[in-house]
Structures are given as structure tokens and as C-alpha cells.
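Let me begin by presenting the structure, written as C-alpha cells, before commenting on it.
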Amino acid sequence: MKTTVIDHIGIAVNSIEESLKFWEGTLGVKCAGVETVEDQKVKTAFLPIKESELELLEATSPESPVAKFIEKKGEGIHHVAIRVDNLEEALSELKKKGVKLIDETPRKGAGGAMIAFLHPKATGGILLELSQR
Ligand code: ZN
């Protein structure tokens, strides 16, 4: 598997609008766009920093995985995403190695990327996303 860069860090927030007061207003990290990913019931704001970005995640429904995360743990780092050259290949390699996956096949993520999540039980407690752009 070829990993290239930390693609993004996903941060669960109660309100993107509120969070941007800090990230944009205080730190000066500009928001490059907001997108809703319907099947994840989440609104996403992208804040690029060089080749990587921060991804602010706001739930659009109480059933959203992000809403459940905040309920349990509060706002904070939700997942880390690593960019790979070939996601299909990476997933079949991980399957062969017996790594527990949440997504067995790539699916559409925000920003036109193809993504797949690994299970936190396989990664030492981190929700890890692989992303191909
Ligand atoms: Zn992500």
C-alpha cells in the first residue's frame, strides 16, 4: 500500500458556524467550502493547510454518527484520514492481512474523494480513514 500524505483530520463540532469563529477568525485558516454528505448525515467544512486539511463535521440529524460521537465523547478529533494511491488495492491488502474494516469497498466521501474506514479495534482506538483523490 502506498500512503502519500495526511489527507485530513476530521473534527466533530456542534456548529460549523461557531467553530469557524475560532479556526478562521482566530487562527486565520480559511474555509474553502462546505458540503453535505447525505448518507453520512453530516455537513462538512474544508479548511486546507498546505496539502492537508481540517474537516469540520457537523451532524445534520440526531442519528448521524457524528451526533452519536459528540453525545459520547464531546466535540473533538473524530478521525484521521491518510491518502493512498489506490484504495481498492489498499483494502484488499488489508483484508488479506486480517485487518477489521468498516468499509469493505470504497465509497464516496466529501470533496469527490473515494474513502473507506478501518475499524478502531484494528488501529489502536483511532477511527482511520483511507482516502483516494
Ligand atoms: Zn474524513
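Order determines the names: the first chain of the C-alpha cells is A, the second B, and so forth; residues in each chain are numbered 1 upward, and ligands are numbered 1 upward as they are shown.
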
Residues within 12 Å of ligand 1 (only C-alpha atoms and all ligand atoms), as JSON, numbers by chain? {"A": [6, 7, 8, 9, 10, 11, 12, 37, 40, 42, 43, 44, 45, 46, 52, 53, 54, 55, 56, 57, 66, 77, 78, 79, 80, 81, 82, 83, 107, 108, 109, 110, 111, 112, 113, 114, 115, 116, 117, 118, 127, 128, 129, 130, 131, 132]}

Which neighbours of A:Asn86 fall inside 9 Å, counting only C-alpha atoms, when residues of the same chain fewer than 2 positions from it are skipped, and could you give them as a VMD selection string? chain A and resid 1 to 2 83 to 84 88 to 91 131 to 132

Could you write out the selected residues, including N, CA and C atoms, as a compact mmCIF listing (two decimals), in the first residue's frame?
# COMPACT_ATOMS: atom_id res chain seq x y z
N MET A 1 0.84 -1.19 0.00
CA MET A 1 0.00 0.00 0.00
C MET A 1 0.88 1.24 0.00
N LYS A 2 0.53 2.20 -0.87
CA LYS A 2 1.32 3.42 -0.90
C LYS A 2 0.52 4.56 -0.26
N ARG A 83 -4.07 9.58 2.84
CA ARG A 83 -4.30 9.42 1.40
C ARG A 83 -3.49 8.25 0.86
N VAL A 84 -4.13 7.45 0.04
CA VAL A 84 -3.45 6.33 -0.62
C VAL A 84 -3.57 6.51 -2.13
N GLU A 88 -8.73 0.61 -3.71
CA GLU A 88 -9.16 -0.78 -3.90
C GLU A 88 -8.04 -1.73 -3.51
N GLU A 89 -6.86 -1.43 -4.00
CA GLU A 89 -5.69 -2.26 -3.71
C GLU A 89 -5.39 -2.27 -2.21
N ALA A 90 -5.44 -1.09 -1.61
CA ALA A 90 -5.16 -0.96 -0.17
C ALA A 90 -6.13 -1.81 0.64
N LEU A 91 -7.43 -1.77 0.27
CA LEU A 91 -8.43 -2.53 1.02
C LEU A 91 -8.23 -4.03 0.87
N SER A 131 -8.19 7.51 2.01
CA SER A 131 -8.82 8.38 1.04
C SER A 131 -8.01 8.39 -0.25
N GLN A 132 -8.73 8.31 -1.36
CA GLN A 132 -8.08 8.43 -2.67
C GLN A 132 -8.71 9.59 -3.40

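If you look at atom CA of A:Ile102 and atom CA of A:His119, they are 5.4 Å away from each other.
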
Among chain A, which ones does DSSP assign to strand (DSSP E) (computed from the backbone)? Answer as JSON, numbers by chain. {"A": [3, 4, 5, 6, 7, 8, 9, 10, 11, 12, 33, 34, 35, 36, 37, 42, 43, 44, 45, 46, 47, 48, 49, 52, 53, 54, 55, 56, 57, 58, 59, 76, 77, 78, 79, 80, 81, 82, 83, 84, 107, 108, 114, 115, 116, 117, 118, 128, 129, 130, 131, 132]}

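Going from atom CA of A:Val13 over to atom CA of A:Glu51, you cover 22.4 Å.
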
Point-to-point distance from atom CA of A:Thr60 to atom CA of A:Lys41, Å rounded to tenths: 5.2 Å

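Proximity of A:Ile49, A:Ala59, A:Val99, A:Leu20 to A:Thr36, computed with only C-alpha atoms, is greatest for A:Ala59.
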
Among the residues A:Pro62, A:Pro120, A:Leu94, A:Leu87, the one that comes closest to A:Arg133 [using only C-alpha atoms]: A:Leu87
